[in-house]
Every structure is written in structure tokens, then in C-alpha cells.
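See below for work.txt, which holds compact mmCIF, C-alpha atoms.
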```txt
# COMPACT_ATOMS: atom_id res chain seq x y z
CA MET Y 12 -92.34 -91.61 33.57
CA GLN Y 13 -94.12 -90.08 36.53
CA LEU Y 14 -97.78 -91.01 36.90
CA SER Y 15 -98.90 -87.36 36.83
CA LEU Y 16 -96.98 -86.79 33.59
CA TRP Y 17 -98.45 -89.94 32.05
CA VAL Y 18 -101.99 -88.84 32.99
CA ALA Y 19 -101.31 -85.50 31.29
CA LEU Y 20 -100.10 -87.45 28.24
CA VAL Y 21 -103.33 -89.48 28.17
CA GLY Y 22 -105.42 -86.31 28.33
CA ALA Y 23 -103.43 -84.58 25.59
CA GLY Y 24 -103.44 -87.71 23.41
CA ALA Y 25 -107.21 -88.10 23.72
CA LEU Y 26 -107.80 -84.45 22.84
CA ILE Y 27 -105.59 -84.76 19.76
CA SER Y 28 -107.23 -88.01 18.63
CA PHE Y 29 -110.74 -86.56 18.91
CA THR Y 30 -109.74 -83.63 16.70
CA PRO Y 31 -111.17 -84.40 13.21
CA GLY Y 32 -108.65 -84.69 10.41
CA ALA Y 33 -107.66 -86.79 7.43
CA GLY Y 34 -107.23 -89.89 9.62
CA ALA Y 35 -110.75 -89.56 11.03
CA ILE Y 36 -112.24 -89.05 7.57
CA ASN Y 37 -110.32 -92.05 6.23
CA THR Y 38 -111.51 -94.19 9.15
CA MET Y 39 -115.16 -93.25 8.67
CA SER Y 40 -114.91 -93.85 4.93
CA ASN Y 41 -113.39 -97.29 5.52
CA ALA Y 42 -116.09 -98.16 8.06
CA LEU Y 43 -118.81 -97.26 5.58
CA ASN Y 44 -117.18 -99.01 2.63
CA ALA Y 45 -115.69 -102.09 4.26
CA GLY Y 46 -117.51 -102.38 7.58
CA PHE Y 47 -116.69 -101.57 11.19
CA ARG Y 48 -114.46 -104.59 11.83
CA ARG Y 49 -112.37 -104.29 8.68
CA SER Y 50 -111.84 -100.57 9.18
CA ILE Y 51 -109.23 -101.52 11.80
CA TRP Y 52 -106.74 -102.21 9.00
CA GLY Y 53 -106.80 -98.61 7.87
CA ILE Y 54 -106.46 -97.50 11.48
CA LEU Y 55 -103.41 -99.73 11.94
CA GLY Y 56 -101.86 -98.14 8.85
CA GLN Y 57 -102.39 -94.74 10.41
CA GLN Y 58 -100.72 -95.92 13.62
CA ALA Y 59 -97.73 -97.19 11.65
CA ALA Y 60 -97.34 -93.68 10.24
CA LEU Y 61 -97.67 -92.21 13.73
CA LEU Y 62 -94.86 -94.47 14.99
CA ILE Y 63 -92.69 -93.47 12.05
CA HIS Y 64 -93.26 -89.81 12.91
CA ILE Y 65 -92.25 -90.43 16.52
CA VAL Y 66 -89.10 -92.28 15.43
CA ILE Y 67 -88.25 -89.46 13.02
CA VAL Y 68 -88.54 -86.90 15.81
CA ALA Y 69 -86.67 -89.07 18.31
CA LEU Y 70 -83.76 -89.49 15.90
CA GLY Y 71 -83.59 -85.77 15.22
CA VAL Y 72 -84.56 -86.09 11.57
CA GLY Y 73 -87.78 -84.22 12.27
CA LEU Y 74 -85.81 -81.10 13.10
CA LEU Y 75 -84.16 -81.27 9.68
CA VAL Y 76 -87.55 -81.54 7.95
CA ALA Y 77 -88.97 -78.68 10.00
CA SER Y 78 -85.97 -76.46 9.28
CA SER Y 79 -85.84 -77.22 5.55
CA PRO Y 80 -88.56 -75.35 3.63
CA LEU Y 81 -87.90 -77.44 0.51
CA ALA Y 82 -88.26 -80.82 2.25
CA PHE Y 83 -91.26 -79.63 4.22
CA ASN Y 84 -93.05 -78.28 1.16
CA ILE Y 85 -92.34 -81.36 -0.97
CA ILE Y 86 -93.89 -83.65 1.64
CA ARG Y 87 -96.74 -81.20 2.24
CA TYR Y 88 -97.75 -80.90 -1.41
CA VAL Y 89 -97.40 -84.62 -2.10
CA GLY Y 90 -99.61 -85.33 0.91
CA ALA Y 91 -102.15 -82.72 -0.16
CA ALA Y 92 -102.24 -84.12 -3.70
CA TYR Y 93 -102.82 -87.65 -2.36
CA LEU Y 94 -105.77 -86.50 -0.22
CA VAL Y 95 -107.27 -84.61 -3.17
CA TYR Y 96 -106.86 -87.75 -5.31
CA LEU Y 97 -108.68 -89.83 -2.70
CA GLY Y 98 -111.42 -87.21 -2.53
CA ILE Y 99 -111.95 -87.04 -6.29
CA ARG Y 100 -111.99 -90.84 -6.52
CA GLN Y 101 -114.62 -91.08 -3.79
CA PHE Y 102 -116.66 -88.17 -5.17
CA LEU Y 103 -116.87 -89.84 -8.59
CA ALA Y 104 -117.59 -93.33 -7.23
CA LYS Y 105 -120.81 -94.70 -8.71
CA PRO Y 106 -123.60 -96.15 -6.55
CA ASN Y 107 -123.93 -99.92 -6.78
CA LEU Y 108 -127.03 -101.77 -5.65
CA ASP Y 109 -126.70 -104.92 -7.72
CA GLY Y 110 -125.90 -107.19 -4.80
CA GLU Y 111 -122.20 -107.22 -5.49
CA ARG Y 112 -121.57 -104.05 -3.54
CA THR Y 113 -121.22 -105.63 -0.13
CA ARG Y 114 -118.94 -108.39 -1.36
CA SER Y 115 -116.71 -106.11 -3.45
CA LEU Y 116 -116.30 -103.53 -0.69
CA SER Y 117 -115.76 -105.99 2.14
CA ASP Y 118 -113.27 -107.91 -0.01
CA GLU Y 119 -110.90 -104.96 -0.35
CA PRO Y 120 -107.49 -106.38 0.65
CA ARG Y 121 -106.40 -105.62 4.19
CA TRP Y 122 -103.07 -104.41 2.87
CA SER Y 123 -104.86 -101.92 0.61
CA MET Y 124 -106.63 -100.30 3.56
CA PHE Y 125 -103.46 -100.46 5.68
CA ARG Y 126 -101.41 -98.83 2.93
CA ARG Y 127 -103.97 -96.05 2.39
CA GLY Y 128 -104.05 -95.30 6.12
CA LEU Y 129 -100.25 -95.21 6.19
CA TRP Y 130 -99.99 -92.73 3.32
CA VAL Y 131 -102.82 -90.53 4.60
CA ASN Y 132 -100.94 -89.92 7.85
CA ILE Y 133 -97.31 -90.15 6.83
CA LEU Y 134 -97.57 -87.55 4.04
CA ASN Y 135 -98.25 -84.80 6.55
CA PRO Y 136 -95.09 -82.91 7.55
CA LYS Y 137 -97.12 -80.85 9.99
CA ALA Y 138 -97.47 -83.99 12.10
CA ILE Y 139 -93.68 -84.10 12.37
CA VAL Y 140 -93.56 -80.44 13.39
CA PHE Y 141 -96.37 -81.10 15.87
CA PHE Y 142 -94.50 -83.98 17.47
CA LEU Y 143 -91.38 -81.81 17.65
CA ALA Y 144 -93.37 -79.50 19.91
CA PHE Y 145 -95.46 -82.18 21.60
CA LEU Y 146 -92.97 -84.87 22.59
CA PRO Y 147 -90.51 -82.71 24.58
CA GLN Y 148 -93.32 -81.85 26.99
CA PHE Y 149 -93.37 -85.48 28.15
CA ILE Y 150 -89.70 -86.44 27.86
CA ARG Y 151 -87.23 -85.88 30.70
CA ALA Y 152 -83.58 -85.71 29.69
CA ASP Y 153 -82.41 -87.02 33.06
CA ARG Y 154 -84.25 -90.32 32.60
CA PRO Y 155 -83.76 -93.19 30.12
CA LEU Y 156 -84.93 -91.78 26.78
CA ALA Y 157 -85.74 -95.08 25.05
CA ALA Y 158 -88.17 -96.16 27.77
CA GLN Y 159 -89.88 -92.76 27.75
CA TYR Y 160 -90.31 -92.72 23.98
CA LEU Y 161 -91.69 -96.27 24.17
CA ILE Y 162 -94.26 -95.22 26.79
CA VAL Y 163 -95.27 -92.16 24.77
CA ALA Y 164 -95.57 -94.17 21.54
CA ALA Y 165 -97.56 -97.01 23.13
CA THR Y 166 -99.91 -94.63 24.96
CA THR Y 167 -100.51 -92.47 21.89
CA VAL Y 168 -101.16 -95.46 19.63
CA VAL Y 169 -103.57 -97.18 22.04
CA ILE Y 170 -105.56 -93.97 22.55
CA ASP Y 171 -105.72 -93.24 18.82
CA VAL Y 172 -106.83 -96.79 17.97
CA LEU Y 173 -109.61 -96.63 20.56
CA VAL Y 174 -110.82 -93.21 19.42
CA MET Y 175 -110.59 -93.99 15.71
CA TRP Y 176 -112.26 -97.37 15.93
CA PHE Y 177 -114.90 -96.94 18.60
CA PHE Y 178 -115.73 -93.27 18.01
CA PHE Y 179 -115.14 -92.38 14.35
CA ALA Y 180 -115.70 -95.83 12.83
CA GLY Y 181 -118.56 -96.40 15.28
CA THR Y 182 -120.11 -93.06 14.33
CA ALA Y 183 -120.01 -94.08 10.67
CA ARG Y 184 -122.49 -96.85 11.48
CA SER Y 185 -125.21 -94.22 11.86
CA PHE Y 186 -124.73 -93.31 8.19
CA GLN Y 187 -125.03 -96.87 6.90
CA ARG Y 188 -128.77 -96.53 6.39
CA PHE Y 189 -127.98 -94.10 3.58
CA THR Y 190 -126.13 -96.82 1.66
CA ARG Y 191 -129.32 -98.77 0.98
CA ASP Y 192 -130.28 -96.71 -2.07
CA ALA Y 193 -128.40 -95.09 -4.95
CA HIS Y 194 -129.14 -91.52 -3.86
CA GLY Y 195 -127.89 -92.15 -0.33
CA GLN Y 196 -124.70 -93.76 -1.61
CA GLN Y 197 -124.08 -90.85 -3.97
CA VAL Y 198 -124.60 -88.29 -1.21
CA LEU Y 199 -122.17 -90.06 1.13
CA ASN Y 200 -119.58 -90.48 -1.62
CA ARG Y 201 -119.75 -86.79 -2.41
CA VAL Y 202 -119.68 -85.70 1.22
CA PHE Y 203 -116.59 -87.76 2.04
CA GLY Y 204 -115.03 -86.84 -1.30
CA VAL Y 205 -115.42 -83.14 -0.52
CA LEU Y 206 -114.03 -83.68 2.99
CA PHE Y 207 -110.91 -85.40 1.65
CA VAL Y 208 -110.36 -82.61 -0.89
CA ALA Y 209 -110.96 -79.92 1.74
CA VAL Y 210 -108.39 -81.41 4.11
CA GLY Y 211 -105.94 -81.74 1.23
CA VAL Y 212 -106.40 -78.11 0.25
CA LEU Y 213 -106.01 -76.96 3.86
CA LEU Y 214 -102.82 -78.98 4.16
CA ALA Y 215 -101.46 -77.25 1.06
CA VAL Y 216 -102.42 -73.66 1.85
CA ILE Y 217 -102.16 -73.35 5.63
CA HIS Y 218 -98.61 -72.86 6.88
```
Whole structure, C-alpha cells version:
Amino acid sequence: MQLSLWVALVGAGALISFTPGAGAINTMSNALNAGFRRSIWGILGQQAALLIHIVIVALGVGLLVASSPLAFNIIRYVGAAYLVYLGIRQFLAKPNLDGERTRSLSDEPRWSMFRRGLWVNILNPKAIVFFLAFLPQFIRADRPLAAQYLIVAATTVVIDVLVMWFFFAGTARSFQRFTRDAHGQQVLNRVFGVLFVAVGVLLAVIH
């Protein structure tokens, strides 16, 4: 890949990563609930989904999903329902100040956060359609395809991990002071619950 094309890829990848979405909300929620360091497991789950999307597009399966209204809508509505479920669960979460809160939240299994991050991102068919439009801009048919897809995937993942962890998870630290009392915890739970539901509804209704 030419250096100028790679620089353009970095710029586009950064712009996309900084755009708030379900992944950013999930990352901030994890950072608040499990801590900055442990939030990386949810981010890694999101990156696994991103890689799956890239592979789907590279293999041509993405075109089938994009061209099949039934397949697209099934994935879209399942993804929307999952985000709404996460939102309702967080909205209804009860404040806990009995001293067990920190231990119980920080002890959430890594696989649990990884799995949630994976499902949050993978159940979004619009990401597949996006990559169908995005990837060809940085792939040259006259050059080895495997190496180009590897460069695109590695670059996109590294950028997204940096943005998610150091920007969105880092930003969540500023809200941690609200977790010291029951009212603050309840407000944060409801705010992030509403955000999850809102993104889920948008995913379902916007074509």
C-alpha cells in the first residue's frame, strides 16, 4: 500500500472511531462499571467483530447481506433488540454502596465483557454495508489483496483500540465521581441505559 493511501486510511479510520456509537457507549459503560484497565476486554470484543466484518466483506459475503433485505433486516432487528436489552438492564440497575460494589463490578469475567463487545458490534449489518463502501477506497486490484486487507485490518483495529480506550474509556473517568453516592449511580445508569436504547432504536428505524 502506498504511503499516501495509508495516511488517508489513518485519517478516515480515526474519524470513524471518534464518531460516537454503540461501541463507544459500551466502552464508557465498561470503564465506569469495571474500571479503565478492564474495559479493554470489551474493546477487544468489539475489534473481533470489526475483523469479522472485514473478512465478510473480503470474501464477498457482505455483498449478499447488503443485497438481501431479509438477511439485512434480521441482523438489524436482532442487533437493535440486543442494544435495547442492554439499555433496559442498565436503566433498571440498582445503586449499590454496601462495599461490595467495587468487587462485584471489577470481578465481571473478562469473557463476559469480551462477548458483550463482540455482540454489540457484530449485530450491526450497517457496519457490513459501510465496509463494502469503505474498503474498496483503499484496496488496489493490481496489488496483492491479502496483504492490503491485512494492512487495512491492522490499521483500523489499532486506531479503534487507541480511540476507544484512551478517549472514550478515559473520558468515562470524569464521571466516576458520580458513582460515590446512590443518586449519582442511578443517574449514570439511566443515562447510559437511555443511550443504549436510543442507539438500538436508531439502528432499527433508520435505513
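Each of Y:Gln57, Y:Asn200, Y:Thr30, Y:Gln159 was compared to Gly128 of chain Y using all atoms listed in the file, and Y:Gln57 turns out to be the nearest.
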For the contact check between segment 112-165 of chain Y and segment 93-104 of chain Y, emit one row per residue of segment 112-165 of chain Y within 9 Å, containing the shortest atom pair and the distance in Å rounded to one decimal, counting all atoms listed in the file, chain then rising number order, as CSV.
```
residue,atom,partner,partner_atom,distance
Y:Trp130,CA,Y:Tyr93,CA,8.1
Y:Val131,CA,Y:Leu94,CA,6.9
Y:Leu134,CA,Y:Tyr93,CA,8.3
```
Output file for the selection above: C-alpha atoms, as a PDB file, in the coordinates of the input:
```
ATOM      1  CA  TRP Y 130     -99.990 -92.730   3.320  1.00  0.00           C
ATOM      2  CA  VAL Y 131    -102.820 -90.530   4.600  1.00  0.00           C
ATOM      3  CA  LEU Y 134     -97.570 -87.550   4.040  1.00  0.00           C
TER       4      LEU Y 134
END
```
Requested in this report: Could you give me, as a PyMOL selection string, the residues within 9 Å of Phe29 of chain Y, counting only C-alpha atoms and dropping anything in the same chain fewer than 6 positions from it?
Outcome: chain Y and resi 35+171+174-175+178-179
Restricting it to C-alpha atoms, dump the selection as a JSON list (two decimals), in the frame of the given file.
```
[["chain", "number", "residue", "atom", "x", "y", "z"],
["Y", 35, "ALA", "CA", -110.75, -89.56, 11.03],
["Y", 171, "ASP", "CA", -105.72, -93.24, 18.82],
["Y", 174, "VAL", "CA", -110.82, -93.21, 19.42],
["Y", 175, "MET", "CA", -110.59, -93.99, 15.71],
["Y", 178, "PHE", "CA", -115.73, -93.27, 18.01],
["Y", 179, "PHE", "CA", -115.14, -92.38, 14.35]]
```
Test item: axis-aligned box, all listed atoms of segment 37-45 of chain Y, 6 Å on each side, centre and edges in Å rounded to one decimal, as JSON:
```
{"center_x": -114.6, "center_y": -97.1, "center_z": 5.9, "size_x": 20.5, "size_y": 22.0, "size_z": 18.5}
```
Query raised in the report: Neighbours of Arg184 of chain Y within 10 Å (all atoms listed in the file; same-chain residues fewer than 6 positions away dropped), as a ChimeraX atom specification?
Result: /Y:39,42-43,46-47
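In this model, the gap between atom CA of Met124 of chain Y and atom CA of Trp52 of chain Y comes to 5.8 Å.
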Report task. Could you give me, as a ChimeraX atom specification, the residues within 8 Å of Leu129 of chain Y, counting only C-alpha atoms and dropping anything in the same chain fewer than 6 positions from it? Result -> /Y:53,55-60
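Nearest residue to Gly181 of chain Y, choosing from Y:Ala23, Y:Gln148, Y:Ser40, Y:Gly32 and counting all atoms listed in the file: Y:Ser40.
From atom CA of Asn44 of chain Y back to atom CA of Lys105 of chain Y, the distance works out to 12.7 Å.
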Keeping all heavy atoms, write segment 130-143 of chain Y of the structure just shown out as a PDB file, in the first residue's frame.
```pdb
ATOM      1  N   TRP Y 130     -20.889  -8.860  20.499  1.00  0.00           N
ATOM      2  CA  TRP Y 130     -22.270  -8.827  20.022  1.00  0.00           C
ATOM      3  C   TRP Y 130     -22.737  -7.418  19.707  1.00  0.00           C
ATOM      4  O   TRP Y 130     -23.516  -7.204  18.774  1.00  0.00           O
ATOM      5  CB  TRP Y 130     -23.194  -9.470  21.054  1.00  0.00           C
ATOM      6  CG  TRP Y 130     -23.073 -10.954  21.127  1.00  0.00           C
ATOM      7  CD1 TRP Y 130     -22.699 -11.701  22.205  1.00  0.00           C
ATOM      8  CD2 TRP Y 130     -23.297 -11.903  20.069  1.00  0.00           C
ATOM      9  NE1 TRP Y 130     -22.679 -13.033  21.894  1.00  0.00           N
ATOM     10  CE2 TRP Y 130     -23.038 -13.193  20.585  1.00  0.00           C
ATOM     11  CE3 TRP Y 130     -23.684 -11.784  18.730  1.00  0.00           C
ATOM     12  CZ2 TRP Y 130     -23.168 -14.347  19.814  1.00  0.00           C
ATOM     13  CZ3 TRP Y 130     -23.811 -12.931  17.957  1.00  0.00           C
ATOM     14  CH2 TRP Y 130     -23.557 -14.190  18.498  1.00  0.00           C
ATOM     15  N   VAL Y 131     -22.292  -6.442  20.503  1.00  0.00           N
ATOM     16  CA  VAL Y 131     -22.687  -5.052  20.254  1.00  0.00           C
ATOM     17  C   VAL Y 131     -22.289  -4.619  18.841  1.00  0.00           C
ATOM     18  O   VAL Y 131     -23.056  -3.953  18.140  1.00  0.00           O
ATOM     19  CB  VAL Y 131     -22.051  -4.108  21.305  1.00  0.00           C
ATOM     20  CG1 VAL Y 131     -22.076  -2.667  20.829  1.00  0.00           C
ATOM     21  CG2 VAL Y 131     -22.795  -4.226  22.633  1.00  0.00           C
ATOM     22  N   ASN Y 132     -21.112  -5.003  18.409  1.00  0.00           N
ATOM     23  CA  ASN Y 132     -20.626  -4.578  17.098  1.00  0.00           C
ATOM     24  C   ASN Y 132     -21.048  -5.506  15.963  1.00  0.00           C
ATOM     25  O   ASN Y 132     -21.333  -5.048  14.858  1.00  0.00           O
ATOM     26  CB  ASN Y 132     -19.096  -4.457  17.103  1.00  0.00           C
ATOM     27  CG  ASN Y 132     -18.645  -3.040  17.418  1.00  0.00           C
ATOM     28  OD1 ASN Y 132     -19.452  -2.205  17.816  1.00  0.00           O
ATOM     29  ND2 ASN Y 132     -17.368  -2.774  17.256  1.00  0.00           N
ATOM     30  N   ILE Y 133     -21.075  -6.800  16.235  1.00  0.00           N
ATOM     31  CA  ILE Y 133     -21.292  -7.734  15.125  1.00  0.00           C
ATOM     32  C   ILE Y 133     -22.752  -7.731  14.660  1.00  0.00           C
ATOM     33  O   ILE Y 133     -23.040  -8.006  13.493  1.00  0.00           O
ATOM     34  CB  ILE Y 133     -20.853  -9.164  15.526  1.00  0.00           C
ATOM     35  CG1 ILE Y 133     -20.471  -9.938  14.264  1.00  0.00           C
ATOM     36  CG2 ILE Y 133     -21.951  -9.879  16.303  1.00  0.00           C
ATOM     37  CD1 ILE Y 133     -19.810 -11.254  14.540  1.00  0.00           C
ATOM     38  N   LEU Y 134     -23.679  -7.403  15.574  1.00  0.00           N
ATOM     39  CA  LEU Y 134     -25.095  -7.390  15.208  1.00  0.00           C
ATOM     40  C   LEU Y 134     -25.504  -6.047  14.620  1.00  0.00           C
ATOM     41  O   LEU Y 134     -26.539  -5.477  14.948  1.00  0.00           O
ATOM     42  CB  LEU Y 134     -25.954  -7.716  16.435  1.00  0.00           C
ATOM     43  CG  LEU Y 134     -25.846  -9.154  16.937  1.00  0.00           C
ATOM     44  CD1 LEU Y 134     -26.633  -9.329  18.229  1.00  0.00           C
ATOM     45  CD2 LEU Y 134     -26.339 -10.135  15.876  1.00  0.00           C
ATOM     46  N   ASN Y 135     -24.671  -5.552  13.731  1.00  0.00           N
ATOM     47  CA  ASN Y 135     -24.946  -4.284  13.060  1.00  0.00           C
ATOM     48  C   ASN Y 135     -24.657  -4.448  11.571  1.00  0.00           C
ATOM     49  O   ASN Y 135     -23.529  -4.265  11.126  1.00  0.00           O
ATOM     50  CB  ASN Y 135     -24.078  -3.166  13.653  1.00  0.00           C
ATOM     51  CG  ASN Y 135     -24.375  -1.818  13.015  1.00  0.00           C
ATOM     52  OD1 ASN Y 135     -25.287  -1.697  12.189  1.00  0.00           O
ATOM     53  ND2 ASN Y 135     -23.617  -0.811  13.375  1.00  0.00           N
ATOM     54  N   PRO Y 136     -25.678  -4.815  10.779  1.00  0.00           N
ATOM     55  CA  PRO Y 136     -25.442  -5.042   9.354  1.00  0.00           C
ATOM     56  C   PRO Y 136     -25.006  -3.792   8.610  1.00  0.00           C
ATOM     57  O   PRO Y 136     -24.382  -3.872   7.548  1.00  0.00           O
ATOM     58  CB  PRO Y 136     -26.813  -5.527   8.855  1.00  0.00           C
ATOM     59  CG  PRO Y 136     -27.785  -4.911   9.808  1.00  0.00           C
ATOM     60  CD  PRO Y 136     -27.093  -4.933  11.144  1.00  0.00           C
ATOM     61  N   LYS Y 137     -25.305  -2.620   9.204  1.00  0.00           N
ATOM     62  CA  LYS Y 137     -24.895  -1.384   8.549  1.00  0.00           C
ATOM     63  C   LYS Y 137     -23.380  -1.250   8.535  1.00  0.00           C
ATOM     64  O   LYS Y 137     -22.814  -0.565   7.678  1.00  0.00           O
ATOM     65  CB  LYS Y 137     -25.549  -0.192   9.242  1.00  0.00           C
ATOM     66  CG  LYS Y 137     -27.063  -0.172   9.076  1.00  0.00           C
ATOM     67  CD  LYS Y 137     -27.707   1.016   9.759  1.00  0.00           C
ATOM     68  CE  LYS Y 137     -29.224   0.957   9.595  1.00  0.00           C
ATOM     69  NZ  LYS Y 137     -29.906   2.086  10.250  1.00  0.00           N
ATOM     70  N   ALA Y 138     -22.716  -1.897   9.497  1.00  0.00           N
ATOM     71  CA  ALA Y 138     -21.255  -1.895   9.501  1.00  0.00           C
ATOM     72  C   ALA Y 138     -20.730  -2.653   8.289  1.00  0.00           C
ATOM     73  O   ALA Y 138     -19.727  -2.263   7.673  1.00  0.00           O
ATOM     74  CB  ALA Y 138     -20.732  -2.526  10.790  1.00  0.00           C
ATOM     75  N   ILE Y 139     -21.415  -3.749   7.932  1.00  0.00           N
ATOM     76  CA  ILE Y 139     -21.014  -4.514   6.752  1.00  0.00           C
ATOM     77  C   ILE Y 139     -21.191  -3.670   5.499  1.00  0.00           C
ATOM     78  O   ILE Y 139     -20.310  -3.615   4.630  1.00  0.00           O
ATOM     79  CB  ILE Y 139     -21.835  -5.816   6.643  1.00  0.00           C
ATOM     80  CG1 ILE Y 139     -21.572  -6.715   7.856  1.00  0.00           C
ATOM     81  CG2 ILE Y 139     -21.499  -6.566   5.360  1.00  0.00           C
ATOM     82  CD1 ILE Y 139     -22.422  -7.966   7.882  1.00  0.00           C
ATOM     83  N   VAL Y 140     -22.346  -3.009   5.396  1.00  0.00           N
ATOM     84  CA  VAL Y 140     -22.606  -2.148   4.240  1.00  0.00           C
ATOM     85  C   VAL Y 140     -21.586  -1.013   4.191  1.00  0.00           C
ATOM     86  O   VAL Y 140     -21.093  -0.643   3.120  1.00  0.00           O
ATOM     87  CB  VAL Y 140     -24.039  -1.581   4.305  1.00  0.00           C
ATOM     88  CG1 VAL Y 140     -24.291  -0.601   3.169  1.00  0.00           C
ATOM     89  CG2 VAL Y 140     -25.056  -2.714   4.255  1.00  0.00           C
ATOM     90  N   PHE Y 141     -21.256  -0.472   5.381  1.00  0.00           N
ATOM     91  CA  PHE Y 141     -20.257   0.599   5.433  1.00  0.00           C
ATOM     92  C   PHE Y 141     -18.918   0.120   4.910  1.00  0.00           C
ATOM     93  O   PHE Y 141     -18.279   0.793   4.095  1.00  0.00           O
ATOM     94  CB  PHE Y 141     -20.110   1.100   6.868  1.00  0.00           C
ATOM     95  CG  PHE Y 141     -18.939   2.019   7.056  1.00  0.00           C
ATOM     96  CD1 PHE Y 141     -19.000   3.340   6.656  1.00  0.00           C
ATOM     97  CD2 PHE Y 141     -17.749   1.552   7.599  1.00  0.00           C
ATOM     98  CE1 PHE Y 141     -17.918   4.184   6.797  1.00  0.00           C
ATOM     99  CE2 PHE Y 141     -16.656   2.383   7.753  1.00  0.00           C
ATOM    100  CZ  PHE Y 141     -16.742   3.711   7.352  1.00  0.00           C
ATOM    101  N   PHE Y 142     -18.480  -1.060   5.363  1.00  0.00           N
ATOM    102  CA  PHE Y 142     -17.193  -1.574   4.908  1.00  0.00           C
ATOM    103  C   PHE Y 142     -17.212  -1.911   3.418  1.00  0.00           C
ATOM    104  O   PHE Y 142     -16.175  -1.845   2.752  1.00  0.00           O
ATOM    105  CB  PHE Y 142     -16.777  -2.796   5.730  1.00  0.00           C
ATOM    106  CG  PHE Y 142     -16.101  -2.446   7.015  1.00  0.00           C
ATOM    107  CD1 PHE Y 142     -16.682  -2.783   8.230  1.00  0.00           C
ATOM    108  CD2 PHE Y 142     -14.891  -1.777   7.029  1.00  0.00           C
ATOM    109  CE1 PHE Y 142     -16.058  -2.447   9.424  1.00  0.00           C
ATOM    110  CE2 PHE Y 142     -14.261  -1.436   8.218  1.00  0.00           C
ATOM    111  CZ  PHE Y 142     -14.852  -1.772   9.424  1.00  0.00           C
ATOM    112  N   LEU Y 143     -18.386  -2.278   2.902  1.00  0.00           N
ATOM    113  CA  LEU Y 143     -18.492  -2.518   1.465  1.00  0.00           C
ATOM    114  C   LEU Y 143     -18.154  -1.252   0.678  1.00  0.00           C
ATOM    115  O   LEU Y 143     -17.568  -1.312  -0.401  1.00  0.00           O
ATOM    116  CB  LEU Y 143     -19.908  -2.986   1.107  1.00  0.00           C
ATOM    117  CG  LEU Y 143     -20.217  -4.469   1.274  1.00  0.00           C
ATOM    118  CD1 LEU Y 143     -21.702  -4.724   1.062  1.00  0.00           C
ATOM    119  CD2 LEU Y 143     -19.387  -5.309   0.310  1.00  0.00           C
TER     120      LEU Y 143
END
```
